[in-house]
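Colleague: Contents of target34.tsv (TSV, C-alpha atoms and all ligand atoms) are below:
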```
chain	number	residue	atom	x	y	z
A	1	MET	CA	63.71	28.25	128.87
A	2	GLU	CA	64.24	29.85	125.42
A	3	ASN	CA	62.43	33.09	126.14
A	4	LEU	CA	64.79	33.81	129.06
A	5	GLU	CA	67.29	35.47	126.76
A	6	ALA	CA	64.51	37.66	125.39
A	7	LYS	CA	63.70	38.77	128.94
A	8	ILE	CA	67.24	40.09	129.19
A	9	THR	CA	67.38	41.84	125.84
A	10	GLN	CA	63.94	43.36	126.37
A	11	ALA	CA	64.80	44.93	129.73
A	12	ASP	CA	64.72	48.66	128.91
A	13	SER	CA	66.31	50.11	132.03
A	14	LEU	CA	68.83	49.19	134.68
A	15	GLU	CA	65.97	48.78	137.14
A	16	ALA	CA	64.12	46.38	134.82
A	17	LEU	CA	67.33	44.47	134.21
A	18	GLU	CA	67.92	44.15	137.94
A	19	LYS	CA	64.46	42.56	138.29
A	20	VAL	CA	65.35	40.09	135.54
A	21	ARG	CA	68.65	39.30	137.26
A	22	ILE	CA	66.84	38.35	140.47
A	23	GLU	CA	64.27	36.37	138.53
A	24	LEU	CA	66.95	34.37	136.72
A	25	PHE	CA	70.07	34.26	138.85
A	26	GLY	CA	68.66	34.87	142.32
A	27	LYS	CA	68.72	32.28	145.11
A	28	LYS	CA	65.10	31.48	144.41
A	29	GLY	CA	65.43	32.21	140.72
A	30	LEU	CA	64.68	30.11	137.67
A	31	LEU	CA	68.21	28.77	137.26
A	32	ALA	CA	68.37	27.75	140.90
A	33	ALA	CA	65.10	25.90	140.39
A	34	GLU	CA	66.54	24.05	137.36
A	35	PHE	CA	69.67	23.08	139.28
A	36	ALA	CA	67.45	21.79	142.10
A	37	LYS	CA	65.89	19.31	139.65
A	38	MET	CA	69.26	17.58	139.41
A	39	LYS	CA	68.72	15.42	142.45
A	40	ASP	CA	65.77	13.71	140.68
A	41	ILE	CA	67.68	12.97	137.49
A	42	PRO	CA	68.81	9.36	137.25
A	43	GLY	CA	72.58	8.77	137.52
A	44	PRO	CA	73.66	8.29	133.90
A	45	GLU	CA	71.80	11.38	132.62
A	46	LYS	CA	72.96	13.65	135.44
A	47	LYS	CA	76.21	14.68	133.82
A	48	ALA	CA	74.66	15.71	130.49
A	49	PHE	CA	71.89	17.58	132.30
A	50	ALA	CA	74.36	19.48	134.45
A	51	GLN	CA	76.54	20.34	131.48
A	52	GLY	CA	73.57	21.64	129.50
A	53	LEU	CA	72.44	23.72	132.40
A	54	ASN	CA	75.89	25.22	132.97
A	55	GLU	CA	76.14	26.16	129.30
A	56	LYS	CA	72.73	27.76	129.44
A	57	LYS	CA	73.71	29.67	132.55
A	58	ALA	CA	76.93	30.92	130.95
A	59	ALA	CA	75.04	32.06	127.84
A	60	LEU	CA	72.49	33.92	129.95
A	61	GLN	CA	75.24	35.54	132.00
A	62	GLN	CA	76.89	36.73	128.82
A	63	ALA	CA	73.64	38.15	127.49
A	64	PHE	CA	73.06	39.80	130.83
A	65	ASP	CA	76.52	41.40	130.92
A	66	ALA	CA	76.13	42.70	127.37
A	67	ARG	CA	72.73	44.21	128.11
A	68	TYR	CA	74.05	45.71	131.34
A	69	GLU	CA	76.83	47.52	129.45
A	70	VAL	CA	74.36	48.98	126.97
A	71	LEU	CA	71.89	50.17	129.62
A	72	LYS	CA	74.65	51.54	131.85
A	73	ALA	CA	76.06	53.56	128.96
A	74	GLU	CA	72.59	54.90	128.22
A	75	ALA	CA	72.06	55.87	131.86
A	76	VAL	CA	75.37	57.75	131.98
A	77	GLU	CA	74.44	59.55	128.79
A	78	THR	CA	71.06	60.61	130.22
A	79	MET	CA	72.69	61.78	133.43
A	80	LEU	CA	75.26	63.87	131.57
A	81	LYS	CA	72.49	65.48	129.52
A	82	ALA	CA	70.52	66.31	132.66
A	83	GLU	CA	73.50	67.73	134.49
A	84	GLU	CA	74.84	69.73	131.60
A	85	ILE	CA	76.06	73.17	132.73
A	86	ASP	CA	74.66	76.18	130.93
A	87	VAL	CA	77.53	78.61	131.10
A	88	SER	CA	75.30	81.41	129.82
A	89	LEU	CA	73.18	81.33	132.99
A	90	TYR	CA	73.91	83.62	135.94
A	91	GLY	CA	75.77	81.99	138.77
A	92	THR	CA	75.47	82.92	142.42
A	93	LEU	CA	77.23	86.25	142.73
A	94	ALA	CA	79.95	86.49	145.34
A	95	GLN	CA	79.05	88.98	148.07
A	96	LYS	CA	80.69	92.31	147.56
A	97	GLY	CA	82.22	94.14	150.47
A	98	VAL	CA	81.22	97.71	151.23
A	99	LEU	CA	82.94	100.62	152.85
A	100	HIS	CA	82.28	101.26	156.51
A	101	PRO	CA	79.71	104.09	156.71
A	102	VAL	CA	82.29	106.34	158.37
A	103	MET	CA	84.78	105.82	155.55
A	104	GLU	CA	82.07	106.26	152.95
A	105	THR	CA	81.13	109.59	154.51
A	106	MET	CA	84.79	110.56	154.74
A	107	ASP	CA	85.27	109.81	151.03
A	108	LYS	CA	82.25	111.90	150.13
A	109	ILE	CA	83.63	114.85	152.09
A	110	ILE	CA	87.11	114.47	150.59
A	111	ASP	CA	85.66	114.29	147.05
A	112	TYR	CA	84.03	117.69	147.49
A	113	PHE	CA	87.19	119.49	148.54
A	114	VAL	CA	89.49	117.70	146.13
A	115	ALA	CA	87.22	118.85	143.33
A	116	LEU	CA	87.82	122.41	144.58
A	117	ASN	CA	91.57	121.92	144.40
A	118	PHE	CA	92.26	121.38	148.10
A	119	SER	CA	95.29	119.19	148.78
A	120	VAL	CA	94.88	116.30	151.20
A	121	GLU	CA	97.35	116.42	154.10
A	122	THR	CA	97.90	113.95	156.90
A	123	GLY	CA	99.77	113.91	160.18
A	124	GLY	CA	100.51	111.43	162.92
A	125	MET	CA	97.97	110.32	165.48
A	126	ILE	CA	100.57	110.80	168.20
A	127	GLU	CA	101.26	114.47	168.67
A	128	ASP	CA	103.08	116.76	171.03
A	129	ASP	CA	101.86	119.65	173.10
A	130	PHE	CA	103.19	122.24	170.67
A	131	HIS	CA	101.32	121.06	167.58
A	132	ASN	CA	98.11	119.98	169.29
A	133	PHE	CA	97.76	122.98	171.63
A	134	GLU	CA	100.50	125.57	171.95
A	135	ALA	CA	100.81	126.61	168.32
A	136	LEU	CA	97.04	126.67	168.06
A	137	ASN	CA	96.91	129.51	170.59
A	138	LEU	CA	96.17	127.17	173.47
A	139	PRO	CA	98.94	127.94	175.95
A	140	LYS	CA	99.43	125.75	179.02
A	141	TYR	CA	96.78	126.27	181.67
A	142	HIS	CA	94.53	127.98	179.14
A	143	PRO	CA	90.98	127.11	180.25
A	144	ALA	CA	90.01	126.12	176.71
A	145	ARG	CA	92.18	123.01	177.04
A	146	ASP	CA	89.40	121.62	179.20
A	147	MET	CA	87.21	121.46	176.10
A	148	GLN	CA	89.24	118.46	174.99
A	149	ASP	CA	89.81	115.53	177.27
A	150	THR	CA	93.22	114.40	176.22
A	151	PHE	CA	94.93	111.00	176.38
A	152	TYR	CA	98.52	111.62	177.48
A	153	PHE	CA	101.56	109.39	177.29
A	154	LYS	CA	103.98	109.24	180.20
A	155	ASP	CA	106.65	111.06	178.17
A	156	GLY	CA	104.34	114.05	177.58
A	157	GLY	CA	103.25	112.94	174.10
A	158	LEU	CA	99.54	112.71	173.47
A	159	LEU	CA	96.93	111.31	171.11
A	160	ARG	CA	95.82	114.22	168.98
A	161	THR	CA	92.45	115.55	170.09
A	162	HIS	CA	91.68	117.12	166.73
A	163	THR	CA	93.06	117.34	163.19
A	164	SER	CA	94.08	120.97	163.73
A	165	PRO	CA	97.76	120.07	164.38
A	166	VAL	CA	97.92	119.17	160.69
A	167	GLN	CA	97.26	122.88	159.97
A	168	ILE	CA	100.40	123.70	161.96
A	169	ARG	CA	102.50	120.95	160.39
A	170	THR	CA	101.48	121.94	156.88
A	171	MET	CA	102.18	125.64	157.44
A	172	LEU	CA	105.58	124.87	158.97
A	173	LYS	CA	106.42	122.76	155.95
A	174	GLU	CA	105.09	125.01	153.20
A	175	LYS	CA	105.00	128.64	152.20
A	176	PRO	CA	101.63	130.28	151.69
A	177	SER	CA	99.30	130.03	149.92
A	178	ILE	CA	97.68	126.93	151.44
A	179	ARG	CA	94.50	125.20	150.43
A	180	MET	CA	94.25	121.93	152.31
A	181	ILE	CA	92.07	119.47	154.08
A	182	ALA	CA	93.26	116.96	156.67
A	183	PRO	CA	91.08	113.91	157.19
A	184	GLY	CA	92.06	111.71	160.10
A	185	THR	CA	91.53	109.85	163.33
A	186	VAL	CA	91.39	111.77	166.60
A	187	PHE	CA	91.02	110.76	170.25
A	188	ARG	CA	89.22	112.11	173.28
A	189	ARG	CA	88.23	110.73	176.63
A	190	ASP	CA	84.55	110.51	175.91
A	191	TYR	CA	82.08	107.63	175.74
A	192	ASP	CA	78.32	107.83	175.28
A	193	VAL	CA	75.73	107.39	172.52
A	194	THR	CA	77.19	110.20	170.43
A	195	HIS	CA	80.86	110.02	171.51
A	196	THR	CA	83.54	107.37	171.17
A	197	PRO	CA	87.14	107.74	172.36
A	198	MET	CA	88.30	107.39	168.76
A	199	PHE	CA	86.57	109.25	165.97
A	200	HIS	CA	87.31	111.07	162.72
A	201	GLN	CA	87.53	114.66	161.67
A	202	VAL	CA	88.16	116.54	158.47
A	203	GLU	CA	90.06	119.78	158.94
A	204	GLY	CA	90.15	122.54	156.37
A	205	LEU	CA	92.58	125.45	156.01
A	206	VAL	CA	92.89	128.15	153.40
A	207	VAL	CA	95.65	130.75	153.66
A	208	ASP	CA	96.52	133.49	151.21
A	209	GLU	CA	97.84	137.05	151.09
A	210	LYS	CA	96.33	139.41	153.60
A	211	GLY	CA	92.85	140.50	152.56
A	212	LYS	CA	92.39	137.71	150.05
A	213	VAL	CA	90.58	135.30	152.38
A	214	SER	CA	87.45	136.46	154.14
A	215	PHE	CA	84.66	135.21	156.34
A	216	ALA	CA	82.39	135.61	153.31
A	217	ASN	CA	84.53	133.04	151.43
A	218	LEU	CA	84.28	130.67	154.37
A	219	LYS	CA	80.55	131.11	154.60
A	220	ALA	CA	80.06	130.51	150.89
A	221	ILE	CA	82.14	127.35	150.68
A	222	LEU	CA	80.69	125.77	153.82
A	223	THR	CA	77.13	126.54	152.81
A	224	ASP	CA	77.72	124.94	149.42
A	225	PHE	CA	79.49	121.98	151.04
A	226	LEU	CA	76.66	121.32	153.50
A	227	GLN	CA	74.07	121.47	150.74
A	228	TYR	CA	76.19	119.01	148.74
A	229	MET	CA	76.18	116.68	151.76
A	230	PHE	CA	72.61	117.08	152.96
A	231	GLY	CA	70.65	118.44	150.03
A	232	ASP	CA	68.33	121.42	150.31
A	233	VAL	CA	69.01	122.53	153.90
A	234	ASP	CA	69.21	125.96	155.51
A	235	VAL	CA	72.63	126.81	156.94
A	236	ARG	CA	73.25	129.22	159.79
A	237	PHE	CA	76.43	130.54	161.36
A	238	ARG	CA	76.34	131.03	165.11
A	239	PRO	CA	79.05	133.00	166.94
A	240	SER	CA	81.25	130.71	169.00
A	241	PHE	CA	84.74	130.39	170.36
A	242	PHE	CA	87.84	128.47	169.34
A	243	PRO	CA	91.29	129.57	170.52
A	244	PHE	CA	92.75	129.20	167.02
A	245	THR	CA	90.13	131.22	165.14
A	246	GLU	CA	88.79	134.75	165.64
A	247	PRO	CA	86.01	135.37	164.93
A	248	SER	CA	84.73	131.81	165.33
A	249	ALA	CA	81.43	130.24	164.46
A	250	GLU	CA	79.58	127.02	164.81
A	251	VAL	CA	77.56	126.04	161.80
A	252	ASP	CA	74.10	124.50	161.99
A	253	ILE	CA	71.90	122.98	159.30
A	254	SER	CA	68.13	122.93	159.45
A	255	CYS	CA	67.08	119.58	160.90
A	256	ILE	CA	67.03	116.98	158.11
A	257	PHE	CA	64.48	114.90	160.02
A	258	CYS	CA	61.76	117.48	160.72
A	259	GLY	CA	62.72	120.13	158.16
A	260	GLY	CA	63.15	122.69	160.94
A	261	GLU	CA	59.80	122.07	162.63
A	262	GLY	CA	61.46	120.70	165.77
A	263	CYS	CA	61.83	117.04	166.75
A	264	ARG	CA	63.75	114.79	169.13
A	265	VAL	CA	66.89	114.64	166.97
A	266	CYS	CA	67.27	118.44	166.95
A	267	SER	CA	66.08	118.80	170.57
A	268	HIS	CA	63.09	120.75	169.25
A	269	THR	CA	65.29	123.59	168.03
A	270	GLY	CA	64.93	122.86	164.31
A	271	TRP	CA	68.74	123.06	163.94
A	272	ILE	CA	71.56	120.53	164.05
A	273	GLU	CA	75.11	121.62	164.86
A	274	ILE	CA	77.49	120.30	162.27
A	275	LEU	CA	80.92	121.96	162.36
A	276	GLY	CA	83.23	124.60	163.79
A	277	CYS	CA	85.06	127.26	161.84
A	278	GLY	CA	86.51	130.73	161.84
A	279	ILE	CA	89.11	133.16	160.64
A	280	VAL	CA	92.60	131.99	161.59
A	281	ASP	CA	93.78	133.74	164.74
A	282	PRO	CA	96.89	135.94	164.22
A	283	ASN	CA	98.62	134.06	167.06
A	284	VAL	CA	98.49	130.87	164.98
A	285	PHE	CA	100.26	132.59	162.08
A	286	LYS	CA	102.80	133.94	164.55
A	287	ALA	CA	103.54	130.42	165.78
A	288	VAL	CA	104.41	129.25	162.26
A	289	ASP	CA	106.14	132.48	161.18
A	290	TYR	CA	103.60	133.46	158.54
A	291	GLU	CA	103.37	137.21	157.89
A	292	ASP	CA	100.89	139.33	155.97
A	293	VAL	CA	98.46	136.50	155.39
A	294	SER	CA	94.82	135.85	156.09
A	295	GLY	CA	93.03	132.55	156.33
A	296	TYR	CA	90.04	130.56	157.37
A	297	ALA	CA	89.79	127.14	158.98
A	298	PHE	CA	87.09	124.64	159.74
A	299	GLY	CA	86.78	121.26	161.38
A	300	LEU	CA	84.00	118.71	161.26
A	301	GLY	CA	83.22	115.38	162.83
A	302	VAL	CA	82.76	112.58	160.30
A	303	GLU	CA	80.81	110.24	162.62
A	304	ARG	CA	78.32	112.96	163.39
A	305	ILE	CA	77.57	113.39	159.69
A	306	ALA	CA	77.44	109.61	159.10
A	307	MET	CA	75.02	109.23	162.00
A	308	LEU	CA	72.73	111.87	160.56
A	309	MET	CA	72.89	110.50	157.02
A	310	HIS	CA	72.20	106.90	158.09
A	311	GLN	CA	70.04	107.68	161.14
A	312	ILE	CA	72.33	105.69	163.42
A	313	PRO	CA	71.07	106.07	167.00
A	314	ASP	CA	74.16	104.84	168.89
A	315	LEU	CA	77.56	105.79	167.57
A	316	ARG	CA	79.30	103.07	169.56
A	317	SER	CA	77.59	100.37	167.49
A	318	LEU	CA	79.69	101.45	164.50
A	319	PHE	CA	82.90	100.34	166.17
A	320	GLU	CA	81.86	97.04	167.67
A	321	GLY	CA	82.69	95.20	164.45
A	322	ASP	CA	79.35	93.39	164.31
A	323	ILE	CA	79.00	92.26	160.72
A	324	ARG	CA	75.18	92.27	160.98
A	325	LEU	CA	75.22	95.98	161.60
A	326	LEU	CA	77.61	96.70	158.77
A	327	GLU	CA	75.58	94.57	156.34
A	328	GLN	CA	72.72	97.03	156.67
A	329	PHE	CA	74.77	99.55	154.76
A	330	ARG	CA	75.18	97.30	151.74
B	1	LIG	N1	89.50	121.70	166.07
B	1	LIG	C1	88.16	122.02	166.41
B	1	LIG	C2	87.55	120.86	167.20
B	1	LIG	O1	88.09	119.80	167.21
B	1	LIG	C3	87.30	122.27	165.19
B	1	LIG	C4	87.73	123.48	164.43
B	1	LIG	C5	88.69	123.39	163.45
B	1	LIG	C6	87.18	124.72	164.73
B	1	LIG	C7	89.09	124.52	162.76
B	1	LIG	C8	87.56	125.84	164.04
B	1	LIG	C9	88.52	125.72	163.05
B	1	LIG	O2	86.53	121.01	167.80
```
With the file now loaded, output its structure as structure tokens.
Modeller:
Amino acid sequence: MENLEAKITQADSLEALEKVRIELFGKKGLLAAEFAKMKDIPGPEKKAFAQGLNEKKAALQQAFDARYEVLKAEAVETMLKAEEIDVSLYGTLAQKGVLHPVMETMDKIIDYFVALNFSVETGGMIEDDFHNFEALNLPKYHPARDMQDTFYFKDGGLLRTHTSPVQIRTMLKEKPSIRMIAPGTVFRRDYDVTHTPMFHQVEGLVVDEKGKVSFANLKAILTDFLQYMFGDVDVRFRPSFFPFTEPSAEVDISCIFCGGEGCRVCSHTGWIEILGCGIVDPNVFKAVDYEDVSGYAFGLGVERIAMLMHQIPDLRSLFEGDIRLLEQFR
């Protein structure tokens, strides 16, 4: 039985030691076999035999425990080495949020005009008849009111249908000259692939002494702005009508998808309508008590530009809050 201790001290891993434990201390192990011999030992020698065996067992147990401690410590050491953290390695980066494509487009537009010293004005989304229509040369029963399907409140208030009331509010609040934009949310009763009841506009207004602001200025700034937004596009001004500007124009860019050749997006015209503008109508200045001034104004739809820039086929998808859609703009 002498080499039993050696078995223990020679076990070089916890697994090997476990095998030794079963071999020695197990139910069918060597010690159990020795104890079994007891029944054949004659009476007088039994006691001495049992005592010797118990001492042997205790010694082995002690050797086992000691070896176990050593191997366990080694195993822990190896595990710590293996699981060591290298703080110089890259971790998993947390996902960064991104701006909604409409807000991103809005910011890009605002950046342009702020760089040209336009102030950024805001107004409320709930407006009254005077600021949204009347002062903008849209008297009651004027047929042009039909152009804008308005949400009305019972008390006669309304959700603004455009950002133009901010022109009125700014002029009532300040003396000329004015050089402002008004980004904001507007509302119309409209719902299809290119219209949602809530959308965003950026309004622009420049007012100065009579004769200082011309259609040529308007044309120059809008052409430069649209080329900043869309790159190397052609820009054309098409006569149009707005009650608050005279003359008025709608501005088109050459189709960014076909380069003006004609395709589905531009309805085979080669042009895409992008904004409305004009020289401020004298009746608007009258409504805010401005005299001897001239000005230009423009208004554009942010969603329309975002749709073109990101080739979004259905505008409504932008407002359904589906994270999978928004993740595409990461
Ligand atoms: N307010 C007009 C609209 O919502 C846009 C516009 C603004 C046109 C300023 C001319 C001048 O359609």
Colleague: Which residues, written as number ranges by chain, have at least one atom at most 9 Å from Met309 of chain A, with only C-alpha atoms counted and residues fewer than 5 positions away on the same chain left out?
Modeller: A: 105, 229-230, 256, 304
Colleague: Would you mind listing what lies within 9 Å of Ile181 of chain A as JSON, numbers by chain, with only C-alpha atoms counted and same-chain residues fewer than 2 positions away left out?
Modeller: {"A": [110, 113, 114, 118, 119, 120, 121, 122, 166, 167, 179, 183, 202, 203, 204, 205, 206]}
Colleague: Distance limit 10 Å, reference ligand LIG 1 (chain B), atoms considered: only C-alpha atoms and all ligand atoms. Which residues make the cut? Give them as a short mmCIF file (atom, residue, chain, number, x, y, z; two decimals) with C-alpha atoms, in the coordinates of the input.
Modeller:
```
data_model
loop_
_atom_site.label_atom_id
_atom_site.label_comp_id
_atom_site.auth_asym_id
_atom_site.auth_seq_id
_atom_site.Cartn_x
_atom_site.Cartn_y
_atom_site.Cartn_z
CA ASN A 132 98.11 119.98 169.29
CA LEU A 136 97.04 126.67 168.06
CA MET A 147 87.21 121.46 176.10
CA GLN A 148 89.24 118.46 174.99
CA ARG A 160 95.82 114.22 168.98
CA THR A 161 92.45 115.55 170.09
CA HIS A 162 91.68 117.12 166.73
CA THR A 163 93.06 117.34 163.19
CA SER A 164 94.08 120.97 163.73
CA PRO A 165 97.76 120.07 164.38
CA GLN A 167 97.26 122.88 159.97
CA VAL A 186 91.39 111.77 166.60
CA PHE A 187 91.02 110.76 170.25
CA ARG A 188 89.22 112.11 173.28
CA HIS A 200 87.31 111.07 162.72
CA GLN A 201 87.53 114.66 161.67
CA VAL A 202 88.16 116.54 158.47
CA GLU A 203 90.06 119.78 158.94
CA GLY A 204 90.15 122.54 156.37
CA LEU A 205 92.58 125.45 156.01
CA SER A 240 81.25 130.71 169.00
CA PHE A 241 84.74 130.39 170.36
CA PHE A 242 87.84 128.47 169.34
CA PRO A 243 91.29 129.57 170.52
CA PHE A 244 92.75 129.20 167.02
CA THR A 245 90.13 131.22 165.14
CA GLU A 246 88.79 134.75 165.64
CA PRO A 247 86.01 135.37 164.93
CA SER A 248 84.73 131.81 165.33
CA ALA A 249 81.43 130.24 164.46
CA GLU A 250 79.58 127.02 164.81
CA LEU A 275 80.92 121.96 162.36
CA GLY A 276 83.23 124.60 163.79
CA CYS A 277 85.06 127.26 161.84
CA GLY A 278 86.51 130.73 161.84
CA ILE A 279 89.11 133.16 160.64
CA VAL A 280 92.60 131.99 161.59
CA ASP A 281 93.78 133.74 164.74
CA TYR A 296 90.04 130.56 157.37
CA ALA A 297 89.79 127.14 158.98
CA PHE A 298 87.09 124.64 159.74
CA GLY A 299 86.78 121.26 161.38
CA LEU A 300 84.00 118.71 161.26
CA GLY A 301 83.22 115.38 162.83
#
```
Colleague: Between A:Thr185, A:Lys46, A:Cys258, A:Tyr68, which is the closest to Val20 of chain A once you count all atoms listed in the file?
Modeller: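 The closest residue to Val20 of chain A is A:Tyr68.
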Colleague: What's the 12 Å shell around Gln227 of chain A, counting only C-alpha atoms, without same-chain residues fewer than 6 positions away, as JSON, numbers by chain?
Modeller: {"A": [109, 112, 220, 221, 233, 234, 235, 236, 252, 253, 254, 256]}
